[in-house]
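**Q** Contents of entry.txt (compact mmCIF, C-alpha atoms) are given next:
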# COMPACT_ATOMS: atom_id res chain seq x y z
CA MET A 1136 -16.39 21.41 3.56
CA MET A 1137 -18.08 22.51 0.36
CA SER A 1138 -20.56 19.74 -0.18
CA ALA A 1139 -23.62 19.57 1.98
CA ASN A 1140 -23.45 17.09 4.79
CA PRO A 1141 -26.21 14.55 4.38
CA ALA A 1142 -28.51 14.11 7.32
CA GLY A 1143 -27.09 11.58 9.71
CA SER A 1144 -23.45 12.40 9.10
CA GLN A 1145 -23.08 13.52 12.73
CA GLU A 1146 -24.85 10.45 14.05
CA PRO A 1147 -22.71 8.03 16.01
CA PHE A 1148 -21.19 5.19 14.05
CA ASP A 1149 -23.53 2.27 14.75
CA GLU A 1150 -23.66 -1.45 14.16
CA VAL A 1151 -25.35 -1.06 10.77
CA ASP A 1152 -22.40 1.09 9.69
CA GLY A 1153 -20.07 -1.62 10.97
CA ALA A 1154 -21.98 -4.30 9.05
CA ILE A 1155 -21.91 -2.19 5.87
CA LEU A 1156 -18.15 -1.74 6.16
CA ASP A 1157 -17.73 -5.48 6.69
CA ASP A 1158 -19.72 -6.06 3.50
CA ILE A 1159 -17.64 -3.47 1.63
CA GLN A 1160 -14.51 -5.28 2.78
CA SER A 1161 -15.92 -8.58 1.47
CA ILE A 1162 -16.81 -6.99 -1.85
CA TYR A 1163 -13.38 -5.46 -2.44
CA SER A 1164 -11.68 -8.65 -1.27
CA ALA A 1165 -13.62 -10.48 -3.98
CA LEU A 1166 -13.30 -7.93 -6.77
CA ASP A 1167 -9.75 -6.74 -6.17
CA PRO A 1168 -7.83 -9.16 -3.99
CA MET A 1169 -4.27 -8.37 -2.98
CA PRO A 1170 -2.03 -10.52 -5.21
CA ALA A 1171 -1.23 -13.83 -3.54
CA ASP A 1172 2.52 -13.37 -3.97
CA LEU A 1173 2.72 -9.82 -2.65
CA LEU A 1174 3.47 -10.79 0.96
CA THR A 1175 6.27 -13.08 -0.25
CA ARG A 1176 7.74 -10.25 -2.32
CA ILE A 1177 7.55 -7.80 0.57
CA ARG A 1178 9.08 -10.22 3.08
CA PHE A 1179 11.87 -11.04 0.65
CA ALA A 1180 12.60 -7.35 0.15
CA LEU A 1181 12.64 -6.69 3.90
CA ASP A 1182 14.86 -9.65 4.74
CA LEU A 1183 17.97 -7.48 4.88
CA GLU A 1184 21.01 -7.95 7.09
CA ASN A 1185 21.28 -4.24 7.68
CA ILE A 1186 18.17 -2.15 7.87
CA ASP A 1187 19.94 1.22 7.96
CA VAL A 1188 19.54 1.60 4.22
CA GLU A 1189 18.52 4.17 1.68
CA LEU A 1190 15.75 3.19 -0.68
CA LEU A 1191 16.28 3.12 -4.44
CA ARG A 1192 12.80 3.62 -5.82
CA ILE A 1193 11.63 2.23 -9.11
CA GLU A 1194 11.50 5.34 -11.28
CA ASP A 1195 11.03 4.03 -14.78
CA THR A 1196 7.37 3.18 -14.52
CA ALA A 1197 7.07 2.60 -18.26
CA THR A 1198 8.59 -0.82 -17.81
CA ILE A 1199 6.48 -1.82 -14.85
CA GLY A 1200 3.41 -2.80 -16.79
CA VAL A 1201 5.26 -5.06 -19.19
CA ARG A 1202 7.52 -6.66 -16.66
CA GLY A 1203 8.10 -10.32 -17.32
CA GLU A 1204 6.38 -10.25 -20.67
CA SER A 1205 9.08 -9.00 -22.98
CA ARG A 1206 12.52 -10.31 -23.91
CA GLY A 1207 14.24 -7.18 -22.82
CA GLN A 1208 13.44 -4.50 -20.31
CA THR A 1209 15.06 -1.59 -18.60
CA VAL A 1210 14.43 -0.64 -15.02
CA THR A 1211 15.75 2.51 -13.39
CA PHE A 1212 16.06 2.83 -9.64
CA ASP A 1213 16.69 6.18 -8.09
CA SER A 1214 17.38 7.94 -4.81
CA GLU A 1215 18.78 11.35 -3.95
CA ASP A 1216 22.31 10.00 -3.81
CA LEU A 1217 22.42 7.16 -6.31
CA THR A 1218 20.86 5.94 -9.56
CA LEU A 1219 20.94 2.36 -10.77
CA MET A 1220 19.97 1.42 -14.31
CA VAL A 1221 19.42 -2.23 -15.16
CA SER A 1222 18.99 -3.58 -18.66
CA VAL A 1223 17.69 -7.12 -18.74
CA THR A 1224 18.21 -9.47 -21.67
CA ARG A 1225 16.68 -12.91 -21.79
CA GLN A 1226 19.11 -15.53 -23.12
CA PRO A 1227 18.18 -18.58 -25.20
CA ASP A 1228 18.76 -20.80 -22.15
CA SER A 1229 16.13 -18.64 -20.36
CA THR A 1230 18.62 -17.18 -17.91
CA LEU A 1231 19.02 -13.43 -17.78
CA THR A 1232 21.92 -11.11 -18.39
CA LEU A 1233 21.79 -7.88 -16.44
CA ASP A 1234 23.77 -4.92 -17.76
CA CYS A 1235 23.88 -2.37 -14.99
CA TRP A 1236 25.17 1.14 -14.46
CA LEU A 1237 25.52 3.13 -11.29
CA ALA A 1238 25.63 6.91 -11.16
CA PRO A 1239 27.61 8.58 -9.74
CA ALA A 1240 30.11 6.09 -11.09
CA GLY A 1241 32.49 4.28 -8.81
CA GLN A 1242 33.85 0.88 -7.91
CA HIS A 1243 30.94 0.16 -5.63
CA GLN A 1244 30.16 -3.21 -4.21
CA VAL A 1245 26.89 -4.66 -5.46
CA GLU A 1246 24.88 -7.64 -4.36
CA LEU A 1247 22.03 -9.26 -6.24
CA ARG A 1248 19.70 -11.18 -3.96
CA THR A 1249 17.53 -13.85 -5.52
CA LEU A 1250 15.42 -16.47 -3.76
CA GLY A 1251 17.88 -18.74 -1.96
CA ASP A 1252 20.97 -17.15 -3.47
CA ARG A 1253 23.04 -14.00 -3.49
CA ARG A 1254 25.78 -12.87 -5.87
CA SER A 1255 28.30 -10.16 -5.25
CA THR A 1256 30.26 -8.13 -7.74
CA THR A 1257 31.99 -4.79 -7.99
CA ALA A 1258 31.19 -2.05 -10.47
CA ASP A 1259 34.03 -0.75 -12.65
CA GLU A 1260 35.26 2.84 -12.63
CA GLN A 1261 32.49 3.81 -15.01
CA GLY A 1262 29.96 2.35 -12.59
CA ARG A 1263 29.18 -0.55 -14.90
CA PHE A 1264 28.72 -4.19 -13.93
CA VAL A 1265 27.29 -7.24 -15.64
CA LEU A 1266 25.57 -10.20 -14.05
CA ALA A 1267 25.09 -13.20 -16.36
CA GLY A 1268 23.22 -16.44 -15.84
CA VAL A 1269 20.70 -14.90 -13.47
CA PRO A 1270 17.61 -17.09 -12.95
CA PRO A 1271 14.25 -15.43 -13.69
CA GLY A 1272 12.18 -14.58 -10.64
CA LEU A 1273 12.33 -12.41 -7.58
CA ALA A 1274 15.43 -10.22 -7.26
CA GLN A 1275 16.71 -7.29 -5.24
CA PHE A 1276 19.85 -5.16 -5.51
CA VAL A 1277 21.90 -4.00 -2.54
CA VAL A 1278 24.59 -1.41 -3.35
CA GLY A 1279 27.32 -0.28 -1.00
CA PRO A 1280 27.91 0.66 1.67
CA LEU A 1281 29.15 3.92 0.25
CA PRO A 1282 29.80 7.27 1.87
CA THR A 1283 26.84 9.66 1.91
CA GLY A 1284 28.55 12.65 3.48
CA GLY A 1285 29.01 13.71 7.04
CA GLY A 1286 31.33 10.78 7.61
CA ARG A 1287 28.45 8.35 7.29
CA SER A 1288 28.09 5.48 4.91
CA ARG A 1289 25.00 3.68 3.84
CA SER A 1290 23.80 0.79 1.76
CA PHE A 1291 21.16 1.29 -0.89
CA VAL A 1292 18.42 -1.24 -1.56
CA THR A 1293 15.86 -1.59 -4.31
CA PRO A 1294 12.41 -3.07 -3.89
CA SER A 1295 12.21 -6.67 -5.01
CA ILE A 1296 11.31 -6.97 -8.66
CA ILE A 1297 10.26 -9.94 -10.72
CA LEU A 1298 12.81 -10.42 -13.48
CA MET B 297 -8.08 8.43 21.76
CA ARG B 298 -9.31 6.59 24.83
CA HIS B 299 -12.60 8.40 24.64
CA GLU B 300 -13.10 7.35 21.01
CA SER B 301 -12.36 3.71 21.49
CA THR B 302 -14.74 3.59 24.43
CA ALA B 303 -17.46 5.10 22.29
CA VAL B 304 -16.79 2.58 19.53
CA ARG B 305 -16.97 -0.27 21.94
CA LEU B 306 -20.38 0.93 23.12
CA ALA B 307 -21.69 1.48 19.61
CA ALA B 308 -20.31 -1.58 17.90
CA PRO B 309 -21.66 -5.11 18.14
CA PRO B 310 -19.41 -7.65 19.85
CA ASP B 311 -17.76 -8.83 16.65
CA LEU B 312 -16.51 -5.32 15.99
CA ALA B 313 -14.91 -4.95 19.39
CA PRO B 314 -11.33 -3.71 19.11
CA SER B 315 -9.86 -6.94 20.43
CA SER B 316 -11.16 -8.88 17.44
CA MET B 317 -9.95 -6.54 14.74
CA GLY B 318 -6.44 -7.85 14.29
CA PHE B 319 -4.21 -4.81 14.68
CA ASP B 320 -4.22 -4.69 18.45
CA ASP B 321 -0.71 -5.95 19.20
CA VAL B 322 0.92 -3.24 17.14
CA GLY B 323 2.76 -1.82 20.15
CA SER B 324 4.29 -5.12 21.20
CA LYS B 325 5.07 -6.06 17.59
CA LEU B 326 6.92 -2.78 17.14
CA ASP B 327 8.82 -3.42 20.39
CA ASP B 328 9.70 -6.95 19.23
CA LEU B 329 10.87 -5.64 15.89
CA ARG B 330 13.09 -3.03 17.53
CA ALA B 331 14.50 -5.79 19.71
CA GLY B 332 15.52 -7.61 16.55
CA LYS B 333 12.71 -10.17 16.33
CA ARG B 334 12.07 -10.22 12.61
CA GLY B 335 9.00 -12.44 12.95
CA ALA B 336 7.19 -9.37 14.25
CA LEU B 337 7.85 -7.65 10.95
CA ASP B 338 6.26 -10.55 9.04
CA GLU B 339 3.19 -10.22 11.23
CA LEU B 340 2.89 -6.46 10.74
CA VAL B 341 3.27 -6.94 6.98
CA ALA B 342 0.50 -9.56 6.98
CA ASP B 343 -1.75 -7.36 9.16
CA PHE B 344 -1.47 -4.12 7.23
CA SER B 345 -0.68 -5.01 3.62
CA PRO B 346 -4.27 -5.70 2.50
CA LEU B 347 -5.23 -2.24 3.80
CA LEU B 348 -2.30 -0.65 1.94
CA TRP B 349 -3.09 -2.57 -1.24
CA HIS B 350 -6.52 -0.97 -1.27
CA VAL B 351 -5.07 2.46 -0.47
CA ALA B 352 -2.84 2.17 -3.54
CA ARG B 353 -5.52 0.71 -5.79
CA ALA B 354 -8.01 3.38 -4.74
CA GLN B 355 -5.52 5.88 -6.18
CA GLY B 356 -6.06 4.34 -9.60
CA LEU B 357 -2.77 2.42 -9.83
CA ASP B 358 -2.63 -0.78 -11.86
CA HIS B 359 -1.76 -4.07 -10.17
CA ASP B 360 2.01 -3.95 -10.75
CA ALA B 361 2.35 -0.33 -9.71
CA ALA B 362 0.20 -0.87 -6.61
CA ALA B 363 2.29 -3.89 -5.60
CA ASP B 364 5.50 -1.85 -6.01
CA VAL B 365 4.06 0.99 -3.97
CA VAL B 366 3.03 -1.24 -1.06
CA GLN B 367 6.50 -2.76 -1.05
CA THR B 368 8.13 0.66 -1.12
CA THR B 369 5.99 1.68 1.84
CA TRP B 370 7.35 -1.22 3.88
CA LEU B 371 10.95 -0.46 2.96
CA THR B 372 10.29 3.14 4.04
CA PHE B 373 8.76 1.83 7.26
CA LEU B 374 11.94 -0.14 7.97
CA GLN B 375 14.05 2.96 7.36
CA ARG B 376 11.87 5.12 9.59
CA LEU B 377 11.20 2.58 12.32
CA GLY B 378 12.96 4.80 14.84
CA ASP B 379 10.58 7.68 14.12
CA ILE B 380 7.41 5.74 14.81
CA ARG B 381 6.73 6.29 18.50
CA ASP B 382 2.98 5.87 18.76
CA PRO B 383 1.63 2.44 17.76
CA GLN B 384 -1.84 3.98 17.45
CA ALA B 385 -0.55 6.20 14.68
CA LEU B 386 0.94 3.40 12.61
CA ALA B 387 -2.10 2.81 10.39
CA GLY B 388 -2.36 6.50 9.52
CA TRP B 389 1.39 6.72 8.93
CA LEU B 390 1.40 3.73 6.58
CA ILE B 391 -1.64 5.06 4.69
CA THR B 392 -0.02 8.47 4.28
CA VAL B 393 3.24 6.99 2.98
CA THR B 394 1.37 4.68 0.59
CA ARG B 395 -0.64 7.56 -0.85
CA ARG B 396 2.46 9.69 -1.25
CA GLU B 397 4.26 6.85 -3.04
CA ALA B 398 1.22 6.28 -5.25
CA TRP B 399 1.31 9.93 -6.25
CA ARG B 400 5.01 9.74 -6.90
CA VAL B 401 4.53 6.83 -9.26
CA GLY B 402 2.47 9.22 -11.35
CA GLY B 403 -0.43 7.81 -13.23
CA ALA B 404 -2.72 8.87 -10.46
CA ALA B 405 -1.92 12.50 -11.18
CA GLN B 406 -3.06 12.24 -14.77
CA ARG B 407 -6.36 10.80 -13.67
CA LEU B 408 -7.16 13.74 -11.50
CA ALA B 409 -9.10 16.77 -12.48
CA ALA B 410 -10.43 19.22 -9.96
CA THR B 411 -14.19 19.48 -10.13
CA ASP B 412 -14.75 21.82 -7.24
CA ASP B 413 -12.88 23.14 -4.25
CA ASP B 414 -12.75 20.02 -2.19
CA GLU B 415 -13.81 17.21 -4.47
CA PHE B 416 -11.45 15.50 -6.83
CA GLU B 417 -12.61 13.20 -9.55
CA ARG B 418 -10.48 10.11 -9.84
CA ARG B 419 -10.99 7.64 -12.59
CA PRO B 420 -12.30 4.63 -10.70
CA SER B 421 -10.30 1.46 -11.07
CA ASP B 422 -11.55 -0.09 -14.26
CA ASP B 423 -9.75 -3.40 -13.93
CA LEU B 424 -11.68 -5.01 -11.11
CA LEU B 425 -12.69 -8.63 -11.44
CA PRO B 426 -16.15 -9.26 -12.93
CA GLU B 427 -18.74 -8.47 -10.29
CA ASP B 428 -21.43 -10.61 -11.92
CA ASP B 429 -19.36 -13.71 -11.22
CA LEU B 430 -18.05 -12.79 -7.83
CA LEU B 431 -20.80 -11.02 -5.93
CA GLN B 432 -23.07 -13.94 -5.16
CA ALA B 433 -24.99 -12.44 -2.27
CA GLU B 434 -27.87 -10.24 -3.38
CA ARG B 435 -27.10 -7.96 -0.46
CA HIS B 436 -23.61 -7.39 -1.84
CA ARG B 437 -24.85 -6.64 -5.34
CA PHE B 438 -27.23 -3.95 -4.11
CA LEU B 439 -24.63 -2.50 -1.79
CA TRP B 440 -22.03 -2.44 -4.58
CA ALA B 441 -24.43 -0.61 -6.90
CA ALA B 442 -24.91 2.03 -4.21
CA VAL B 443 -21.19 2.33 -3.48
CA ARG B 444 -20.51 2.97 -7.16
CA ARG B 445 -22.89 5.94 -7.06
CA LEU B 446 -20.81 7.71 -4.41
CA SER B 447 -18.17 10.29 -5.29
CA PRO B 448 -14.73 8.81 -5.97
CA ARG B 449 -13.46 10.40 -2.74
CA CYS B 450 -16.18 8.68 -0.71
CA GLN B 451 -15.52 5.40 -2.49
CA GLU B 452 -11.86 5.72 -1.58
CA LEU B 453 -12.62 6.54 2.05
CA LEU B 454 -15.06 3.68 2.56
CA ARG B 455 -12.83 1.22 0.73
CA VAL B 456 -9.85 2.05 2.93
CA VAL B 457 -11.83 2.31 6.16
CA ALA B 458 -13.37 -1.09 5.46
CA PHE B 459 -9.90 -2.63 5.71
CA ALA B 460 -8.92 -0.75 8.86
CA ARG B 461 -10.01 -1.42 12.38
CA ARG B 462 -13.14 0.46 13.30
CA PRO B 463 -11.42 2.44 16.07
CA ASN B 464 -9.11 3.68 13.32
CA TYR B 465 -12.01 5.19 11.41
CA SER B 466 -11.26 8.81 12.24
CA THR B 467 -7.49 8.25 11.91
CA VAL B 468 -7.99 6.82 8.45
CA ALA B 469 -10.32 9.59 7.39
CA GLU B 470 -7.74 12.12 8.51
CA ALA B 471 -4.89 10.33 6.69
CA LEU B 472 -7.00 10.49 3.53
CA GLY B 473 -7.47 14.23 3.98
CA MET B 474 -11.16 13.88 4.86
CA PRO B 475 -11.32 14.50 8.60
CA ILE B 476 -14.63 13.63 10.14
CA GLY B 477 -14.30 16.72 12.28
CA SER B 478 -15.95 15.81 15.52
CA VAL B 479 -15.12 14.21 18.80
CA GLY B 480 -15.86 10.54 18.84
CA PRO B 481 -16.66 8.36 15.89
CA THR B 482 -19.50 9.78 13.90
CA ARG B 483 -20.76 8.22 10.75
CA GLY B 484 -19.34 10.93 8.53
CA ARG B 485 -20.84 12.15 5.31
CA CYS B 486 -19.73 9.25 3.08
CA LEU B 487 -21.40 6.58 5.18
CA ALA B 488 -24.42 8.84 5.68
CA LYS B 489 -24.71 9.30 1.91
CA LEU B 490 -24.39 5.58 1.36
CA ARG B 491 -27.10 4.91 3.92
CA ASP B 492 -29.34 7.43 2.18
CA LEU B 493 -28.86 5.55 -1.07
CA LEU B 494 -29.51 2.23 0.61
CA ALA B 495 -32.61 3.57 2.35
CA ALA B 496 -33.98 4.56 -1.05
CA ASP B 497 -33.30 1.05 -2.30
CA SER B 498 -36.16 -1.38 -1.91
CA TYR B 499 -33.86 -4.29 -1.16
CA TRP B 500 -32.15 -2.66 1.82
CA SER B 501 -35.12 -0.78 3.19
CA ARG B 502 -36.98 -4.07 3.35
CA SER B 503 -34.77 -5.30 6.16
Since I need it in another form, could you write the structure as structure tokens?

**A**
Amino acid sequence: MMSANPAGSQEPFDEVDGAILDDIQSIYSALDPMPADLLTRIRFALDLENIDVELLRIEDTATIGVRGESRGQTVTFDSEDLTLMVSVTRQPDSTLTLDCWLAPAGQHQVELRTLGDRRSTTADEQGRFVLAGVPPGLAQFVVGPLPTGGGRSRSFVTPSIIL
Amino acid sequence: MRHESTAVRLAAPPDLAPSSMGFDDVGSKLDDLRAGKRGALDELVADFSPLLWHVARAQGLDHDAAADVVQTTWLTFLQRLGDIRDPQALAGWLITVTRREAWRVGGAAQRLAATDDDEFERRPSDDLLPEDDLLQAERHRFLWAAVRRLSPRCQELLRVVAFARRPNYSTVAEALGMPIGSVGPTRGRCLAKLRDLLAADSYWSRS
């Protein structure tokens, strides 16, 4: 510990400390509240039939900040074993077309979960698949199951994103 | 562990007693979840997500990135459910995963520059809501001014600890890489520094 310990740092945690922390909680709750829809997004993402899954993380953070604000966007999801690239185009009728590629390529089964709906498709030999007429809103991809070595197979899931 | 929570119970006023702090059924919720009761997962998510939101935001992530990180933490939790044996350790585990994911997202790394051996300077979140509008209580305005004078590391610690149960204080400090380093819950240097600042402040020393 390089910095000097202020007097009192070894004192027992007392009720004034507790009251201060309660006030700090109130302050941060006011100044930086957790987004109201975050719990919904998390619960949607966790509402999986099979929880033995590998996570596809959002890697392309450049698109995160502009999500939902532009006509087109690209999101890349990545794990050790699989990469999923999604290019989103907004159509004049306000639905979305998703051009997607999986690497390594293969005729993998893919499911797109949206609120109250799910659509299944299969990637072609190049790992490409297209989903048209997708409603804007919360969405999550589930890929697989596909073999991950050692005789095992696993599904891959992305976090839920707002398309 | 038992020793610490006893000490907290003696030191804390009744409204800070462990039973009122919200995380106390973690063990049975984890058991329910393993038994396939998905409602338990919803409850754990509701209990811990505000804490994890502030862990991610204290790392300097913007709103979208912080929301993604908290979600990723829960997906990781679901994957690793079998590894989590000790319900008492869940808060620290979730905090550690959230911080690691926040680092992975990047951003945070660019905002870091070492200033000395154990202090790191993070750019404080600059997109908070306007405090003039939202901090009505005078007590809160004075406290906030003092908090902003602490080092970024102390601000992070107190922000995260404030959203954890008090008996988790030392667990949280350890998960943030700032162990309090003594048996039983001591105030630690960040709270001590804050109390020094408050004591020097005419508003707080009045009371």

**Q** Which residues of chain A come within 6 Å of chain B, and what is each one's closest atom pair and distance in Å (one decimal), counting all atoms listed in the file, sorted by chain and residue number, as JSON lines?

**A**
{"residue": "A:Asn1140", "atom": "CA", "partner": "B:Arg485", "partner_atom": "CA", "distance": 5.6}
{"residue": "A:Pro1141", "atom": "CA", "partner": "B:Arg485", "partner_atom": "CA", "distance": 6.0}
{"residue": "A:Gly1143", "atom": "CA", "partner": "B:Ala488", "partner_atom": "CA", "distance": 5.6}
{"residue": "A:Ser1144", "atom": "CA", "partner": "B:Gly484", "partner_atom": "CA", "distance": 4.4}
{"residue": "A:Gln1145", "atom": "CA", "partner": "B:Thr482", "partner_atom": "CA", "distance": 5.3}
{"residue": "A:Glu1146", "atom": "CA", "partner": "B:Thr482", "partner_atom": "CA", "distance": 5.4}
{"residue": "A:Pro1147", "atom": "CA", "partner": "B:Thr482", "partner_atom": "CA", "distance": 4.2}
{"residue": "A:Phe1148", "atom": "CA", "partner": "B:Arg483", "partner_atom": "CA", "distance": 4.5}
{"residue": "A:Asp1149", "atom": "CA", "partner": "B:Ala307", "partner_atom": "CA", "distance": 5.3}
{"residue": "A:Glu1150", "atom": "CA", "partner": "B:Ala308", "partner_atom": "CA", "distance": 5.0}
{"residue": "A:Leu1156", "atom": "CA", "partner": "B:Ala458", "partner_atom": "CA", "distance": 4.9}
{"residue": "A:Gln1160", "atom": "CA", "partner": "B:Ala458", "partner_atom": "CA", "distance": 5.1}
{"residue": "A:Leu1166", "atom": "CA", "partner": "B:Leu425", "partner_atom": "CA", "distance": 4.8}
{"residue": "A:Asp1167", "atom": "CA", "partner": "B:Leu424", "partner_atom": "CA", "distance": 5.6}
{"residue": "A:Ile1177", "atom": "CA", "partner": "B:Gln367", "partner_atom": "CA", "distance": 5.4}

**Q** Using C-alpha atoms, can you write the selected residues to a file as a PDB file, keeping the file's coordinate frame?

**A**
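Here's the written file result_24.pdb:
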ATOM      1  CA  ASN A1140     -23.450  17.090   4.790  1.00  0.00           C
ATOM      2  CA  PRO A1141     -26.210  14.550   4.380  1.00  0.00           C
ATOM      3  CA  GLY A1143     -27.090  11.580   9.710  1.00  0.00           C
ATOM      4  CA  SER A1144     -23.450  12.400   9.100  1.00  0.00           C
ATOM      5  CA  GLN A1145     -23.080  13.520  12.730  1.00  0.00           C
ATOM      6  CA  GLU A1146     -24.850  10.450  14.050  1.00  0.00           C
ATOM      7  CA  PRO A1147     -22.710   8.030  16.010  1.00  0.00           C
ATOM      8  CA  PHE A1148     -21.190   5.190  14.050  1.00  0.00           C
ATOM      9  CA  ASP A1149     -23.530   2.270  14.750  1.00  0.00           C
ATOM     10  CA  GLU A1150     -23.660  -1.450  14.160  1.00  0.00           C
ATOM     11  CA  LEU A1156     -18.150  -1.740   6.160  1.00  0.00           C
ATOM     12  CA  GLN A1160     -14.510  -5.280   2.780  1.00  0.00           C
ATOM     13  CA  LEU A1166     -13.300  -7.930  -6.770  1.00  0.00           C
ATOM     14  CA  ASP A1167      -9.750  -6.740  -6.170  1.00  0.00           C
ATOM     15  CA  ILE A1177       7.550  -7.800   0.570  1.00  0.00           C
TER      16      ILE A1177
END

**Q** Quick one: pull the distance between atom CA of Gln1242 of chain A and atom CA of Ala1258 of chain A, Å, one decimal.

**A**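 Computing the Euclidean distance for atom CA of Gln1242 of chain A and atom CA of Ala1258 of chain A yields 4.7 Å.
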
**Q** Rounded to one decimal place, report the atom CA of Ile380 of chain B-atom CA of Phe344 of chain B distance in Å.

**A**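 Those two atoms sit 15.3 Å apart.
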
**Q** Do you have the atom CA of Ser1222 of chain A-atom CA of Gln1275 of chain A distance handy?

**A**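 Computing the Euclidean distance for atom CA of Ser1222 of chain A and atom CA of Gln1275 of chain A yields 14.1 Å.
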
**Q** Find the residues around Thr1232 of chain A up to 9 Å (only C-alpha atoms counted), leave out those fewer than 3 positions away in its own chain, and share them as a PDB file with C-alpha atoms, in the frame of the given file.

**A**
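Okay, part18.pdb is ready:
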ATOM      1  CA  SER A1222      18.990  -3.580 -18.660  1.00  0.00           C
ATOM      2  CA  VAL A1223      17.690  -7.120 -18.740  1.00  0.00           C
ATOM      3  CA  THR A1224      18.210  -9.470 -21.670  1.00  0.00           C
ATOM      4  CA  ARG A1225      16.680 -12.910 -21.790  1.00  0.00           C
ATOM      5  CA  GLN A1226      19.110 -15.530 -23.120  1.00  0.00           C
ATOM      6  CA  VAL A1265      27.290  -7.240 -15.640  1.00  0.00           C
ATOM      7  CA  LEU A1266      25.570 -10.200 -14.050  1.00  0.00           C
ATOM      8  CA  ALA A1267      25.090 -13.200 -16.360  1.00  0.00           C
ATOM      9  CA  GLY A1268      23.220 -16.440 -15.840  1.00  0.00           C
ATOM     10  CA  VAL A1269      20.700 -14.900 -13.470  1.00  0.00           C
TER      11      VAL A1269
END
